[in-house]
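*Asks:* My questions all concern the structure below.
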Amino acid sequence: MRHFIFDVDGTLTPSRDKMDPEFKKWFIDQGKKEYFYVVTGSNYEKTFEQMGSALMSTQICYNCSGNSVHLKGVEVYKSEWTLPSNMEKFLEGTLERHPYSEKTGNHIEHRPGLVNFSVVGRNADKEQRQKYVQYDEKTSDREIISNRFNKIYAKHGVLAQIAGETGIDIMPIGAGKSQILTDFNEEDVIYFFGDKCSKGGNDYDIAESLKLWPHGKVYHVKDWTETFKHLREIISE
């Protein structure tokens with residue numbers, strides 16, 4: 001049996017945006033014939049906002065990197081982990097001292113099983129987000145913050161990973177996207193699609209785990225158009 005697992009931001013949709021209408025229609029049609037799943041760092045409300053009815057074509061929606069699990073809109077599991085206060089103070093200090101000037105609010109967002117940290121803030125509009133994306137590309141800002149966090153706290157079992165366009169996800173080691181693979185059998189054929197499969201990205205752990213899977217295939221895509229292209233090729237075989 002084959003299963004298709006998808007990241008959302010940058011993989012099924014433009015980051016923080018909605019699915020392309022043509023891709024969405026195709027996804028819904030194929031979801032009636034195939035086993036589709038999504039695993040994302042976002043919460044369920046945001047995922048539904050981006051995917052709409054296409055989300056109902058998936059078998060399971062793994063939110064917050066699998067720390068919140070939904071079946072057809074109903075939450076069936078939620079991690080109770082919370083960020084220790086010393087680590088939250090690290091993030092507050094990082095934000096306070098950070099030279100980036102345009103800070104929009106909602107910088108430390110608590111989600112089931114993880115915290116999302118954003119220098120520009122999750123209240124940023126598209127223009128503000130793109131300004132920070134350009135800044136991050138020039139300075140490797142998120143990589144530097146993640147590495148600094150991990151140097152201090154990885155030995156305490158908590159890890160920071162680059163997520164989406166502007167964020168950093170922070171969670172216990174082992175509570176990343178790879179944890180969802182316990183729901184599958186080793187004889188299953190799994191295709192995974194993600195845009196942050198490189199080391200330091202929040203698709204990295206599941207991508208690396210699937211390299212050791214007996215029948216696993218990883219597609220490191222740059223955007224949803226590549227996902228759509230690969231999917232059509234696989235399903236038409």
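All residue names refer to the structure tokens as shown: chains lettered A, B, ... in order, residues numbered from 1 in each chain, ligands numbered from 1 in order.
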Taking 5 positions as the minimum chain separation for residues in the same chain, which residues sit within 9 Å of Thr47 in chain A when counting only C-alpha atoms? Answer as a ChimeraX atom specification.
*Replies:* /A:8-9,16,40,42,52,55,61,63
*Asks:* I'd like the contact shell of Gly31 in chain A - 12 Å cut-off, only C-alpha atoms, skipping same-chain residues fewer than 5 positions apart - returned as a PDB file with N, CA and C atoms, in the first residue's frame.
*Replies:*
```pdb
ATOM      1  N   HIS A   3       1.479   5.450   0.472  1.00  0.00           N
ATOM      2  CA  HIS A   3       0.992   6.580   1.233  1.00  0.00           C
ATOM      3  C   HIS A   3       1.780   7.826   0.819  1.00  0.00           C
ATOM      4  N   PHE A   4       1.079   8.952   0.723  1.00  0.00           N
ATOM      5  CA  PHE A   4       1.698  10.217   0.347  1.00  0.00           C
ATOM      6  C   PHE A   4       1.598  11.177   1.528  1.00  0.00           C
ATOM      7  N   ILE A   5       2.748  11.628   2.020  1.00  0.00           N
ATOM      8  CA  ILE A   5       2.787  12.546   3.157  1.00  0.00           C
ATOM      9  C   ILE A   5       3.328  13.891   2.681  1.00  0.00           C
ATOM     10  N   PHE A  23      -4.606  22.962  -8.607  1.00  0.00           N
ATOM     11  CA  PHE A  23      -3.960  21.920  -7.800  1.00  0.00           C
ATOM     12  C   PHE A  23      -4.930  21.394  -6.742  1.00  0.00           C
ATOM     13  N   LYS A  24      -5.692  22.287  -6.133  1.00  0.00           N
ATOM     14  CA  LYS A  24      -6.644  21.889  -5.097  1.00  0.00           C
ATOM     15  C   LYS A  24      -7.692  20.926  -5.654  1.00  0.00           C
ATOM     16  N   LYS A  25      -8.243  21.229  -6.822  1.00  0.00           N
ATOM     17  CA  LYS A  25      -9.251  20.357  -7.434  1.00  0.00           C
ATOM     18  C   LYS A  25      -8.655  18.990  -7.731  1.00  0.00           C
ATOM     19  N   TRP A  26      -7.449  18.975  -8.291  1.00  0.00           N
ATOM     20  CA  TRP A  26      -6.781  17.712  -8.603  1.00  0.00           C
ATOM     21  C   TRP A  26      -6.506  16.929  -7.313  1.00  0.00           C
ATOM     22  N   PHE A  36      -3.636  10.162   1.297  1.00  0.00           N
ATOM     23  CA  PHE A  36      -2.935  11.427   1.473  1.00  0.00           C
ATOM     24  C   PHE A  36      -2.927  11.818   2.957  1.00  0.00           C
ATOM     25  N   TYR A  37      -1.792  12.354   3.403  1.00  0.00           N
ATOM     26  CA  TYR A  37      -1.642  12.839   4.770  1.00  0.00           C
ATOM     27  C   TYR A  37      -0.900  14.174   4.713  1.00  0.00           C
ATOM     28  N   VAL A  38      -1.119  15.048   5.695  1.00  0.00           N
ATOM     29  CA  VAL A  38      -0.300  16.248   5.801  1.00  0.00           C
ATOM     30  C   VAL A  38       0.348  16.293   7.181  1.00  0.00           C
ATOM     31  N   SER A  53     -11.350  22.607   1.688  1.00  0.00           N
ATOM     32  CA  SER A  53     -11.944  21.286   1.485  1.00  0.00           C
ATOM     33  C   SER A  53     -10.918  20.235   1.094  1.00  0.00           C
ATOM     34  N   ALA A  54      -9.774  20.652   0.563  1.00  0.00           N
ATOM     35  CA  ALA A  54      -8.729  19.676   0.212  1.00  0.00           C
ATOM     36  C   ALA A  54      -8.207  18.961   1.449  1.00  0.00           C
ATOM     37  N   LEU A  55      -8.289  19.618   2.596  1.00  0.00           N
ATOM     38  CA  LEU A  55      -7.822  18.982   3.831  1.00  0.00           C
ATOM     39  C   LEU A  55      -8.696  17.786   4.192  1.00  0.00           C
ATOM     40  N   MET A  56      -9.965  17.832   3.795  1.00  0.00           N
ATOM     41  CA  MET A  56     -10.870  16.722   4.067  1.00  0.00           C
ATOM     42  C   MET A  56     -10.575  15.514   3.178  1.00  0.00           C
ATOM     43  N   SER A  57      -9.704  15.713   2.167  1.00  0.00           N
ATOM     44  CA  SER A  57      -9.307  14.603   1.300  1.00  0.00           C
ATOM     45  C   SER A  57      -8.129  13.821   1.885  1.00  0.00           C
ATOM     46  N   THR A  58      -7.620  14.278   3.040  1.00  0.00           N
ATOM     47  CA  THR A  58      -6.495  13.592   3.656  1.00  0.00           C
ATOM     48  C   THR A  58      -6.990  12.612   4.713  1.00  0.00           C
ATOM     49  N   GLN A  59      -6.224  11.554   4.925  1.00  0.00           N
ATOM     50  CA  GLN A  59      -6.579  10.554   5.932  1.00  0.00           C
ATOM     51  C   GLN A  59      -6.411  11.115   7.342  1.00  0.00           C
ATOM     52  N   ILE A  60      -5.263  11.754   7.567  1.00  0.00           N
ATOM     53  CA  ILE A  60      -4.937  12.325   8.873  1.00  0.00           C
ATOM     54  C   ILE A  60      -4.228  13.653   8.654  1.00  0.00           C
ATOM     55  N   LEU A 231       3.841  14.585  -8.327  1.00  0.00           N
ATOM     56  CA  LEU A 231       2.654  13.778  -7.997  1.00  0.00           C
ATOM     57  C   LEU A 231       1.992  13.224  -9.252  1.00  0.00           C
ATOM     58  N   ILE A 235       1.571   9.202  -9.973  1.00  0.00           N
ATOM     59  CA  ILE A 235       0.229   8.599 -10.045  1.00  0.00           C
ATOM     60  C   ILE A 235      -0.107   8.126 -11.449  1.00  0.00           C
TER      61      ILE A 235
END
```
*Asks:* Any idea what's packed within 12 Å of range 193-195 of chain A, counting only C-alpha atoms, ignoring anything in its chain fewer than 3 positions away? Could you give it as a VMD selection string?
*Replies:* chain A and resid 3 to 15 36 to 41 162 to 165 177 190 198 to 208 210 216 to 231
*Asks:* Taking 5 positions as the minimum chain separation for residues in the same chain, which residues sit within 12 Å of Pro84 in chain A when counting only C-alpha atoms? Answer as a list in words.
*Replies:*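 In the requested form, the answer reads Lys89, Phe90, Leu91, His110, Gly113, Leu114, Val115, Tyr153, His156, Gly157, Val158, Ile170, Met171 and Pro172 of chain A.
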*Asks:* Mind giving me the straight-line distance from CA of Tyr35 in chain A to CA of Tyr77 in chain A in Å, one decimal?
*Replies:*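 So the two atoms, CA of Tyr35 in chain A and CA of Tyr77 in chain A, lie 20.3 Å apart.
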*Asks:* Which of range 16-234 of chain A end up as strand (DSSP E or B) when DSSP is run on this backbone - answer as a VMD selection string?
*Replies:* chain A and resid 35 to 39 60 to 63 68 to 71 74 to 78 108 to 111 114 to 118 158 to 163 167 to 172 189 to 194 201 216 to 220
